[in-house]
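Trainee: So I've got this file, protein.txt, and it contains compact mmCIF, C-alpha atoms (C1' of nucleotides):
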# COMPACT_ATOMS: atom_id res chain seq x y z
CA MET A 1 -10.09 -12.89 4.18
CA LEU A 2 -8.47 -10.65 6.81
CA ALA A 3 -6.43 -13.64 7.94
CA ALA A 4 -5.25 -14.18 4.38
CA ALA A 5 -4.32 -10.51 4.17
CA GLN A 6 -2.36 -10.77 7.39
CA THR A 7 -0.44 -13.81 6.19
CA LEU A 8 0.41 -12.16 2.92
CA ILE A 9 1.58 -8.97 4.61
CA LEU A 10 4.00 -11.06 6.66
CA GLU A 11 5.16 -12.93 3.58
CA ARG A 12 5.49 -10.13 1.08
CA GLY A 13 4.79 -6.82 2.79
CA ILE A 14 2.14 -4.28 1.93
CA GLU A 15 3.63 -3.30 -1.38
CA GLY A 16 4.18 -6.88 -2.44
CA THR A 17 0.66 -8.00 -1.61
CA THR A 18 -1.98 -7.68 -4.30
CA LEU A 19 -5.69 -7.60 -3.71
CA ALA A 20 -6.03 -10.44 -6.19
CA ALA A 21 -3.62 -12.57 -4.18
CA ILE A 22 -5.54 -11.91 -0.97
CA GLY A 23 -8.84 -12.95 -2.54
CA GLU A 24 -7.35 -16.08 -4.04
CA ARG A 25 -5.45 -17.01 -0.88
CA ALA A 26 -8.75 -16.86 0.98
CA GLY A 27 -10.28 -19.23 -1.59
CA TYR A 28 -12.24 -16.67 -3.55
CA SER A 29 -11.80 -14.79 -6.79
CA ARG A 30 -9.31 -12.04 -7.53
CA GLY A 31 -12.01 -9.39 -7.34
CA LEU A 32 -13.53 -10.07 -3.96
CA ALA A 33 -11.06 -8.20 -1.76
CA THR A 34 -11.66 -4.97 -3.64
CA TYR A 35 -15.39 -5.57 -3.69
CA ARG A 36 -15.65 -6.11 0.05
CA TYR A 37 -13.28 -3.46 1.32
CA GLY A 38 -13.42 -0.89 -1.45
CA SER A 39 -9.70 -0.40 -1.70
CA LYS A 40 -6.35 -1.72 -0.63
CA ALA A 41 -6.14 0.94 2.08
CA GLY A 42 -9.65 0.05 3.24
CA LEU A 43 -8.76 -3.59 3.64
CA PHE A 44 -5.59 -2.79 5.54
CA GLN A 45 -7.44 -0.42 7.83
CA GLU A 46 -9.76 -3.28 8.63
CA VAL A 47 -6.85 -5.61 9.35
CA SER A 48 -5.28 -2.95 11.52
CA SER A 49 -8.32 -2.10 13.61
CA ASN A 50 -9.07 -5.77 13.96
CA ILE A 51 -5.70 -6.45 15.63
CA HIS A 52 -5.88 -3.19 17.54
CA ARG A 53 -9.17 -4.27 19.05
CA ARG A 54 -7.63 -7.52 20.28
CA TRP A 55 -4.78 -5.57 21.84
CA VAL A 56 -7.05 -3.11 23.60
CA THR A 57 -9.08 -5.93 25.13
CA TYR A 58 -5.87 -7.55 26.32
CA LEU A 59 -4.60 -4.25 27.72
CA GLU A 60 -7.78 -3.34 29.55
CA LYS A 61 -7.86 -6.71 31.23
CA ALA A 62 -4.27 -6.26 32.38
CA VAL A 63 -4.49 -2.69 33.65
CA ASP A 64 -8.00 -2.94 35.00
CA GLY A 65 -8.34 -0.15 37.53
CA GLN A 66 -4.65 0.42 38.25
CA THR A 67 -3.07 3.85 38.23
CA GLY A 68 0.37 5.39 38.48
CA ILE A 69 3.50 3.36 38.05
CA GLU A 70 1.60 0.12 38.49
CA ALA A 71 -0.58 0.85 35.49
CA LEU A 72 2.48 1.74 33.39
CA CYS A 73 4.28 -1.45 34.38
CA SER A 74 1.23 -3.64 33.91
CA ALA A 75 0.64 -2.16 30.47
CA ALA A 76 4.27 -2.76 29.55
CA ASP A 77 4.03 -6.33 30.83
CA ALA A 78 0.82 -6.87 28.92
CA TYR A 79 2.49 -5.63 25.77
CA TYR A 80 5.44 -7.93 26.29
CA ARG A 81 3.09 -10.86 26.82
CA PHE A 82 1.07 -9.92 23.77
CA VAL A 83 4.25 -9.85 21.69
CA SER A 84 5.19 -13.29 23.02
CA ASP A 85 1.71 -14.73 22.49
CA SER A 86 0.97 -13.30 19.07
CA PRO A 87 4.14 -11.91 17.55
CA GLU A 88 2.58 -12.05 14.12
CA ASP A 89 -0.27 -9.78 15.16
CA ILE A 90 2.19 -7.23 16.49
CA ARG A 91 4.38 -7.52 13.42
CA VAL A 92 1.47 -6.87 11.08
CA LEU A 93 0.02 -4.10 13.22
CA HIS A 94 3.29 -2.25 13.36
CA ILE A 95 4.09 -2.80 9.70
CA LEU A 96 0.78 -1.09 9.02
CA TYR A 97 1.39 1.66 11.57
CA TYR A 98 4.86 2.41 10.25
CA ALA A 99 3.42 2.60 6.77
CA GLY A 100 1.34 5.43 8.23
CA ALA A 101 4.50 7.50 8.66
CA GLU A 102 4.17 8.41 5.01
CA PRO A 103 2.36 11.62 4.18
CA SER A 104 -1.05 11.05 2.67
CA SER A 105 -1.08 7.41 3.66
CA GLU A 106 -4.61 6.36 4.44
CA LEU A 107 -3.31 4.40 7.41
CA ARG A 108 -1.94 7.55 8.90
CA GLY A 109 -5.09 8.61 10.72
CA LEU A 110 -5.44 5.19 12.27
CA ALA A 111 -1.83 5.12 13.48
CA LYS A 112 -2.07 8.66 14.76
CA THR A 113 -5.18 8.09 16.84
CA ALA A 114 -3.88 4.77 18.14
CA PHE A 115 -0.69 6.35 19.45
CA GLN A 116 -2.47 9.45 20.69
CA ARG A 117 -4.79 7.30 22.67
CA GLN A 118 -1.94 5.34 24.20
CA ILE A 119 -0.15 8.55 25.12
CA ALA A 120 -3.33 9.91 26.66
CA ASP A 121 -3.77 6.72 28.69
CA ALA A 122 -0.20 6.86 29.97
CA GLU A 123 -0.55 10.55 30.71
CA ARG A 124 -3.66 9.88 32.76
CA TRP A 125 -1.96 7.11 34.73
CA ILE A 126 0.97 9.38 35.49
CA GLN A 127 -1.29 12.23 36.52
CA GLU A 128 -3.22 9.93 38.81
CA GLY A 129 0.06 8.76 40.30
CA ILE A 130 1.08 12.33 40.96
CA ASP A 131 -2.30 13.09 42.49
CA ASN A 132 -2.11 10.19 44.92
CA GLY A 133 1.52 10.91 45.75
CA SER A 134 3.07 7.77 44.31
CA ILE A 135 4.74 9.65 41.45
CA LEU A 136 7.03 12.64 41.89
CA ASP A 137 5.24 15.88 41.21
CA ASN A 138 8.08 17.39 39.20
CA VAL A 139 7.60 15.04 36.23
CA SER A 140 5.74 16.26 33.18
CA PRO A 141 2.94 13.76 32.51
CA LEU A 142 2.81 14.52 28.80
CA ALA A 143 6.58 14.38 28.24
CA GLU A 144 6.86 11.14 30.21
CA ALA A 145 3.85 9.59 28.52
CA THR A 146 5.21 10.45 25.10
CA GLN A 147 8.54 8.87 25.96
CA TYR A 148 6.83 5.84 27.41
CA VAL A 149 4.92 5.18 24.21
CA ALA A 150 7.89 6.14 22.04
CA HIS A 151 10.07 3.69 23.89
CA ILE A 152 7.70 0.81 23.24
CA ALA A 153 7.16 1.80 19.62
CA GLY A 154 10.89 2.20 19.10
CA VAL A 155 11.81 -1.14 20.60
CA THR A 156 9.12 -2.76 18.49
CA TYR A 157 10.53 -1.16 15.38
CA ILE A 158 14.07 -2.33 16.10
CA TRP A 159 12.65 -5.76 16.78
CA LEU A 160 10.75 -5.76 13.48
CA LEU A 161 13.98 -5.02 11.64
CA ASN A 162 16.02 -7.54 13.52
CA PRO A 163 14.04 -9.91 15.74
CA VAL A 164 16.94 -12.04 16.96
CA ALA A 165 19.02 -9.07 18.14
CA VAL A 166 16.35 -7.76 20.52
CA ARG A 167 16.16 -9.40 23.94
CA PHE A 168 12.67 -8.23 24.72
CA ASP A 169 12.66 -9.56 28.27
CA ASP A 170 15.94 -7.91 29.31
CA ILE A 171 14.75 -4.64 27.88
CA GLN A 172 11.41 -5.05 29.55
CA THR A 173 12.97 -5.57 32.97
CA SER A 174 15.33 -2.65 32.64
CA PHE A 175 12.57 -0.44 31.27
CA LYS A 176 10.28 -1.05 34.21
CA GLN A 177 13.12 -0.56 36.65
CA SER A 178 13.99 2.74 35.06
CA LEU A 179 10.37 3.87 35.16
CA ARG A 180 10.25 3.19 38.90
CA ASP A 181 13.57 4.89 39.51
CA ARG A 182 12.69 7.98 37.59
CA LEU A 183 9.07 8.51 38.45
CA THR A 184 8.50 7.27 41.94
CA VAL A 185 9.34 8.74 45.28
CA ASP A 186 12.76 7.48 46.29
CA ASP A 187 12.27 5.32 49.37
CA ALA A 188 15.70 3.72 49.21
CA ALA A 189 16.66 4.94 52.63
CA MET B 190 17.09 14.97 -8.82
CA LEU B 191 17.52 13.62 -5.30
CA ALA B 192 16.27 16.96 -4.01
CA ALA B 193 13.19 16.65 -6.20
CA ALA B 194 12.65 13.15 -4.87
CA GLN B 195 12.92 14.40 -1.33
CA THR B 196 10.40 17.18 -1.92
CA LEU B 197 7.96 14.81 -3.51
CA ILE B 198 8.28 12.27 -0.71
CA LEU B 199 7.34 15.02 1.74
CA GLU B 200 4.43 16.10 -0.42
CA ARG B 201 2.95 12.78 -1.42
CA GLY B 202 4.81 10.00 0.32
CA ILE B 203 6.67 7.10 -1.25
CA GLU B 204 3.61 5.42 -2.68
CA GLY B 205 2.24 8.65 -4.08
CA THR B 206 5.47 9.65 -5.76
CA THR B 207 6.05 8.43 -9.30
CA LEU B 208 9.41 8.19 -11.01
CA ALA B 209 7.99 10.26 -13.85
CA ALA B 210 7.03 13.02 -11.44
CA ILE B 211 10.51 13.07 -9.91
CA GLY B 212 12.17 13.39 -13.32
CA GLU B 213 9.83 16.12 -14.41
CA ARG B 214 10.04 18.00 -11.10
CA ALA B 215 13.81 18.08 -11.56
CA GLY B 216 13.34 19.56 -15.02
CA TYR B 217 14.00 16.42 -17.02
CA SER B 218 11.92 13.83 -18.79
CA ARG B 219 9.69 11.21 -17.21
CA GLY B 220 12.22 8.47 -17.92
CA LEU B 221 15.38 9.88 -16.37
CA ALA B 222 14.83 8.85 -12.77
CA THR B 223 14.49 5.21 -13.75
CA TYR B 224 17.43 5.48 -16.13
CA ARG B 225 19.79 6.91 -13.53
CA TYR B 226 18.82 4.88 -10.50
CA GLY B 227 17.55 1.69 -12.07
CA SER B 228 14.45 1.44 -9.97
CA LYS B 229 12.25 3.25 -7.51
CA ALA B 230 13.90 1.43 -4.63
CA GLY B 231 17.34 2.28 -5.97
CA LEU B 232 16.54 5.96 -6.10
CA PHE B 233 15.15 5.95 -2.58
CA GLN B 234 18.18 4.10 -1.28
CA GLU B 235 20.27 6.86 -2.78
CA VAL B 236 18.15 9.55 -1.12
CA SER B 237 18.38 7.69 2.15
CA SER B 238 22.14 7.16 2.20
CA ASN B 239 22.62 10.72 1.06
CA ILE B 240 20.82 12.09 4.13
CA HIS B 241 22.35 9.44 6.34
CA ARG B 242 25.82 10.61 5.29
CA ARG B 243 25.00 14.18 6.28
CA TRP B 244 23.78 12.97 9.65
CA VAL B 245 26.86 10.87 10.32
CA THR B 246 29.15 13.82 9.56
CA TYR B 247 27.10 15.95 11.92
CA LEU B 248 27.20 13.26 14.61
CA GLU B 249 30.93 12.60 14.38
CA LYS B 250 31.69 16.27 14.74
CA ALA B 251 29.50 16.44 17.85
CA VAL B 252 30.71 13.33 19.61
CA ASP B 253 34.33 13.65 18.53
CA GLY B 254 36.31 11.56 20.96
CA GLN B 255 33.84 11.53 23.83
CA THR B 256 32.86 8.38 25.64
CA GLY B 257 30.37 7.25 28.25
CA ILE B 258 27.43 9.34 29.21
CA GLU B 259 28.93 12.42 27.60
CA ALA B 260 28.98 10.73 24.21
CA LEU B 261 25.37 9.59 24.64
CA CYS B 262 24.21 13.07 25.62
CA SER B 263 26.21 14.80 22.90
CA ALA B 264 24.79 12.42 20.30
CA ALA B 265 21.27 13.06 21.57
CA ASP B 266 21.91 16.81 21.49
CA ALA B 267 23.34 16.55 17.99
CA TYR B 268 20.25 14.68 16.88
CA TYR B 269 17.97 17.27 18.40
CA ARG B 270 19.93 20.04 16.69
CA PHE B 271 19.84 18.15 13.40
CA VAL B 272 16.07 17.82 13.70
CA SER B 273 15.78 21.55 14.37
CA ASP B 274 18.15 22.52 11.57
CA SER B 275 16.86 20.18 8.88
CA PRO B 276 13.56 18.71 9.95
CA GLU B 277 12.79 17.79 6.36
CA ASP B 278 15.88 15.63 6.09
CA ILE B 279 14.90 13.74 9.20
CA ARG B 280 11.31 13.41 8.04
CA VAL B 281 12.33 11.91 4.73
CA LEU B 282 15.00 9.70 6.24
CA HIS B 283 12.60 8.22 8.74
CA ILE B 284 9.77 7.87 6.26
CA LEU B 285 12.19 5.75 4.25
CA TYR B 286 13.41 3.83 7.27
CA TYR B 287 9.92 3.06 8.48
CA ALA B 288 9.05 1.84 5.01
CA GLY B 289 11.83 -0.67 5.64
CA ALA B 290 9.72 -2.28 8.37
CA GLU B 291 7.92 -4.14 5.60
CA PRO B 292 9.16 -7.60 4.76
CA SER B 293 10.99 -7.74 1.46
CA SER B 294 11.27 -3.99 1.24
CA GLU B 295 14.48 -3.06 -0.50
CA LEU B 296 14.99 -0.31 2.03
CA ARG B 297 15.06 -2.82 4.80
CA GLY B 298 18.75 -3.62 4.63
CA LEU B 299 19.63 0.05 4.73
CA ALA B 300 17.44 0.73 7.75
CA LYS B 301 18.68 -2.35 9.51
CA THR B 302 22.36 -1.52 9.13
CA ALA B 303 21.80 2.12 10.01
CA PHE B 304 20.14 1.22 13.30
CA GLN B 305 22.57 -1.58 14.03
CA ARG B 306 25.42 0.82 13.61
CA GLN B 307 23.83 3.34 15.94
CA ILE B 308 23.23 0.66 18.54
CA ALA B 309 26.81 -0.53 18.19
CA ASP B 310 28.06 3.05 18.68
CA ALA B 311 25.96 3.54 21.79
CA GLU B 312 26.99 0.16 23.11
CA ARG B 313 30.65 1.08 22.66
CA TRP B 314 30.17 4.41 24.44
CA ILE B 315 28.48 2.69 27.35
CA GLN B 316 31.14 0.02 27.55
CA GLU B 317 33.83 2.67 27.56
CA GLY B 318 31.98 4.47 30.30
CA ILE B 319 31.85 1.31 32.37
CA ASP B 320 35.53 0.70 31.75
CA ASN B 321 36.56 4.13 32.98
CA GLY B 322 34.20 3.97 35.92
CA SER B 323 31.82 6.74 34.90
CA ILE B 324 28.98 4.33 34.19
CA LEU B 325 27.65 1.80 36.66
CA ASP B 326 28.95 -1.67 35.93
CA ASN B 327 25.62 -3.38 36.46
CA VAL B 328 24.06 -1.97 33.30
CA SER B 329 23.87 -4.13 30.20
CA PRO B 330 25.51 -2.15 27.39
CA LEU B 331 23.51 -3.86 24.66
CA ALA B 332 20.14 -3.55 26.39
CA GLU B 333 20.78 0.11 27.23
CA ALA B 334 22.10 0.89 23.76
CA THR B 335 19.05 -0.72 22.16
CA GLN B 336 16.76 1.31 24.36
CA TYR B 337 18.70 4.48 23.68
CA VAL B 338 18.31 4.10 19.92
CA ALA B 339 14.74 2.85 20.26
CA HIS B 340 13.84 5.89 22.32
CA ILE B 341 15.12 8.29 19.67
CA ALA B 342 13.52 6.32 16.85
CA GLY B 343 10.25 6.13 18.74
CA VAL B 344 10.09 9.82 19.56
CA THR B 345 10.88 10.59 15.93
CA TYR B 346 8.06 8.35 14.80
CA ILE B 347 5.52 9.97 17.12
CA TRP B 348 6.77 13.33 15.92
CA LEU B 349 6.37 12.30 12.28
CA LEU B 350 2.76 11.38 12.95
CA ASN B 351 1.99 14.47 14.94
CA PRO B 352 4.68 17.17 14.86
CA VAL B 353 2.84 19.75 16.93
CA ALA B 354 2.15 17.40 19.84
CA VAL B 355 5.79 16.55 20.43
CA ARG B 356 7.83 19.00 22.51
CA PHE B 357 11.20 17.78 21.35
CA ASP B 358 13.16 20.01 23.74
CA ASP B 359 11.28 18.97 26.87
CA ILE B 360 11.69 15.35 25.94
CA GLN B 361 15.32 15.89 25.15
CA THR B 362 16.03 17.42 28.55
CA SER B 363 14.18 14.74 30.43
CA PHE B 364 15.79 12.01 28.34
CA LYS B 365 19.32 13.17 29.10
CA GLN B 366 18.51 13.59 32.77
CA SER B 367 17.15 10.09 32.92
CA LEU B 368 20.23 8.71 31.17
CA ARG B 369 22.46 10.34 33.78
CA ASP B 370 20.28 9.16 36.64
CA ARG B 371 20.14 5.62 35.45
CA LEU B 372 23.61 5.02 34.14
CA THR B 373 26.01 7.09 36.15
CA VAL B 374 27.41 6.66 39.59
CA ASP B 375 25.15 8.48 41.99
CA ASP B 376 27.19 11.36 43.41
CA ALA B 377 24.23 13.21 44.84
CA ALA B 378 25.74 13.28 48.31
C1' DA C 379 -49.99 -24.44 -0.02
C1' DA C 380 -47.86 -23.41 -4.61
C1' DC C 381 -46.19 -20.34 -7.65
C1' DA C 382 -44.43 -16.17 -9.75
C1' DC C 383 -42.32 -11.88 -9.32
C1' DA C 384 -39.28 -8.14 -7.73
C1' DC C 385 -35.36 -7.37 -5.19
C1' DT C 386 -31.04 -8.23 -2.43
C1' DT C 387 -26.67 -10.44 -1.43
C1' DG C 388 -22.34 -12.47 -2.47
C1' DC C 389 -19.30 -13.21 -5.65
C1' DT C 390 -16.94 -13.31 -10.46
C1' DT C 391 -15.23 -11.63 -14.81
C1' DG C 392 -14.18 -7.71 -18.08
C1' DT C 393 -12.02 -3.33 -18.60
C1' DT C 394 -9.47 0.96 -17.86
C1' DG C 395 -5.88 3.96 -16.48
C1' DA C 396 -1.65 4.56 -13.89
C1' DC C 397 2.85 3.28 -13.28
C1' DA C 398 7.52 0.79 -12.95
C1' DA C 399 10.69 -1.22 -15.82
C1' DC C 400 12.98 -1.71 -19.88
C1' DA C 401 14.33 -1.16 -24.73
C1' DA C 402 15.43 1.54 -28.44
C1' DG C 403 16.25 5.62 -29.84
C1' DT C 404 18.58 10.87 -30.39
C1' DA C 405 21.57 14.53 -29.27
C1' DT C 406 25.86 16.24 -27.49
C1' DT C 407 30.32 16.00 -26.15
C1' DT C 408 35.19 14.23 -26.53
C1' DA D 409 33.47 7.06 -33.91
C1' DA D 410 32.48 6.24 -29.35
C1' DA D 411 30.98 7.24 -25.05
C1' DT D 412 27.71 10.05 -22.25
C1' DA D 413 23.34 12.07 -21.07
C1' DC D 414 18.93 12.09 -21.80
C1' DT D 415 14.19 11.04 -24.17
C1' DT D 416 10.43 8.47 -26.15
C1' DG D 417 7.98 3.99 -27.11
C1' DT D 418 6.31 -0.20 -25.13
C1' DT D 419 4.97 -3.92 -21.97
C1' DG D 420 3.20 -6.19 -17.99
C1' DT D 421 1.20 -5.56 -13.48
C1' DC D 422 -2.11 -3.93 -10.56
C1' DA D 423 -5.89 -1.09 -8.18
C1' DA D 424 -10.24 0.37 -9.09
C1' DC D 425 -14.49 0.07 -11.06
C1' DA D 426 -18.38 -1.65 -13.79
C1' DA D 427 -21.26 -5.08 -15.35
C1' DG D 428 -22.91 -9.41 -14.81
C1' DC D 429 -24.70 -13.85 -12.70
C1' DA D 430 -26.42 -17.19 -9.43
C1' DA D 431 -28.55 -18.16 -5.23
C1' DG D 432 -31.34 -16.58 -1.79
C1' DT D 433 -35.42 -13.70 0.47
C1' DG D 434 -39.34 -11.93 0.85
C1' DT D 435 -44.22 -10.46 -0.91
C1' DG D 436 -48.28 -10.90 -3.05
C1' DT D 437 -51.61 -13.82 -5.87
C1' DT D 438 -54.52 -17.67 -6.73
What does the file become when written as structure tokens?

Mentor:
Amino acid sequence: MLAAAQTLILERGIEGTTLAAIGERAGYSRGLATYRYGSKAGLFQEVSSNIHRRWVTYLEKAVDGQTGIEALCSAADAYYRFVSDSPEDIRVLHILYYAGAEPSSELRGLAKTAFQRQIADAERWIQEGIDNGSILDNVSPLAEATQYVAHIAGVTYIWLLNPVAVRFDDIQTSFKQSLRDRLTVDDAA
Amino acid sequence: MLAAAQTLILERGIEGTTLAAIGERAGYSRGLATYRYGSKAGLFQEVSSNIHRRWVTYLEKAVDGQTGIEALCSAADAYYRFVSDSPEDIRVLHILYYAGAEPSSELRGLAKTAFQRQIADAERWIQEGIDNGSILDNVSPLAEATQYVAHIAGVTYIWLLNPVAVRFDDIQTSFKQSLRDRLTVDDAA
DNA sequence: AACACACTTGCTTGTTGACAACAAGTATTT
DNA sequence: AAATACTTGTTGTCAACAAGCAAGTGTGTT
């Protein structure tokens, strides 16, 4: 059922997908989707947290106990790999998240907490890096963390609009390089 | 009419706004919005390009003939000022753009071209900067331009979700600094 | 063990109200 | 009289909900 919903979101978008179509695509009746999930928003929340859960597992495995710049880069790498492995999951997840930009969207809370959590993670990694001396102590953890998450969200959005025009790997490389340059102690000499 | 639409989008979102409500909010009948703009999507495209036009005017005045890093920073400053001056315009514009992340959304084309144009602008500025020697020649104009636009879009998105948590001015300062550090010839010595 | 009964679960079909889209008006101006 | 600006009537679609049904799952009775 959730798989059918995901397919239909990719095909026709949120607006264009009807609960009846989801039920029937999954081999059931037109009424089942509503019955199981209560509402369209309820179903989409389920789809969203389902994918989010997969992503978090993936992320935790990649970052493990790392801190500082290494954690940031590993997380970015993990994201890039996740996008390569399951682009459709990321597409659907972000379609749902961006739908949460609307006021009074029921997906809003979900998107908000997801991004807040990612910012908090990044902030913690940066703070830990500052504490152990690997990150410059004049950077603002919150400002950097916000930009870190914003960068990834923004690139994903541009990619959603125009997949072929975004060279994810180039961007990824340059992003990590720029993180190192900006945040870490300059040991060039 | 477009103003009424904008107000209602801020109050209730795209989904929650009905064409009848827009007409009536503007002091007309329930049918006028459909009559004038043909469809809900048509009306919202009009709202979107209306705000977009204001932004472009604002931007052109700010960037004027600048190139290279100066153009990038001026554009970023202009955006920050625009957000401060008319946060509601930016909110509505981006709500509409993010709605374009959906497949088969009629706002998609508009969002796509808007962002493509901004990337093309940034790419041109960077290329000009490389040509006149003010920007390092090992940066990829397209990759940097994409990240530049993605950064701004991403910060805006996080801000839409959670306005109070985003210190636009801090981020702005750090963003410009990082642009200079990464792109320009290092004349620290 | 065999049966009957209440009760739950999983799903379907019927219905309602909201809304976009459109068609057919009615003023009002030129 | 003809175009313009707007309104009202109508239809089809869809989310949401309610009511139903069929197939289990006990639970107690003989």

Trainee: Compute the chain C side of the contact with chain A at 10 Å, counting all atoms listed in the file, and hand it back as a list in words.

Mentor: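 Here they are: DG388, DC389, DT390 and DT391 of chain C.
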
Trainee: With all atoms listed in the file considered, list every residue of chain B at most 8 Å from chain A, as JSON, numbers by chain.

Mentor: {"B": [198, 199, 200, 201, 202, 203, 205, 284, 287, 288, 289, 290, 291, 292, 293, 294, 297, 300, 301, 304, 332, 333, 335, 336, 338, 339, 340, 341, 342, 343, 344, 346, 347, 349, 350, 351, 355, 356, 359, 360, 363, 367, 370, 371]}

Trainee: Using all atoms listed in the file, find which residues of chain D lie within 8 Å of chain A and jot them down as a PyMOL selection string.

Mentor: chain D and resi 422-424

Trainee: If you count all atoms listed in the file, which residues fall within 12 Å of B:Glu249, apart from same-chain ones fewer than 3 positions away, as a VMD selection string?

Mentor: chain B and resid 242 to 246 252 to 255 260 263 to 264 267 to 268 307 310

Trainee: Mind giving me the straight-line distance from atom C1' of C:DT408 to atom C1' of D:DA413 in Å, one decimal?

Mentor: 13.2 Å

Trainee: Mind checking which residues fall within 10 Å of D:DT438, counting only C-alpha atoms (C1' of nucleotides), ignoring those fewer than 2 positions away in the same chain, and posting them as a list in words?

Mentor: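 The neighbour list is DA380 and DC381 of chain C; DG436 of chain D.
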
Trainee: For the selection just defined, write its residues with C-alpha atoms (C1' of nucleotides) to a file, as a tab-separated table (two decimals), in the coordinates of the input.

Mentor:
chain	number	residue	atom	x	y	z
C	380	DA	C1'	-47.86	-23.41	-4.61
C	381	DC	C1'	-46.19	-20.34	-7.65
D	436	DG	C1'	-48.28	-10.90	-3.05

Trainee: Counting all atoms listed in the file, which residues sit no farther than 12 Å from the position (-26.9, -19.8, -3.9) in the file's frame? I'd like them as a list in words.

Mentor: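 Selection result: DT387, DG388 and DC389 of chain C; DC429, DA430, DA431, DG432 and DT433 of chain D.
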
Trainee: Could you work out how far atom CA of B:Lys365 lies from atom CA of A:Gly129, giving the answer in Å with one decimal?

Mentor: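 The value is 22.7 Å.
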
Trainee: For atom CA of B:Ser273 and atom CA of B:Gln195, determine how far apart the two atoms are, in Å to one decimal place.

Mentor: 17.5 Å

Trainee: Skip A:Ala4 itself and residues of its chain fewer than 5 positions away, then list as a list in words all residues within 6 Å of it, counting all atoms listed in the file.

Mentor: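 Near A:Ala4, the qualifying residues are Ile22, Arg25 and Ala26 of chain A.
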
Trainee: Hey, what's within 12 Å of D:DT412 if we count all atoms listed in the file and toss same-chain stuff fewer than 2 positions away? As a ChimeraX atom specification, please?

Mentor: /C:405-408 /D:410,414
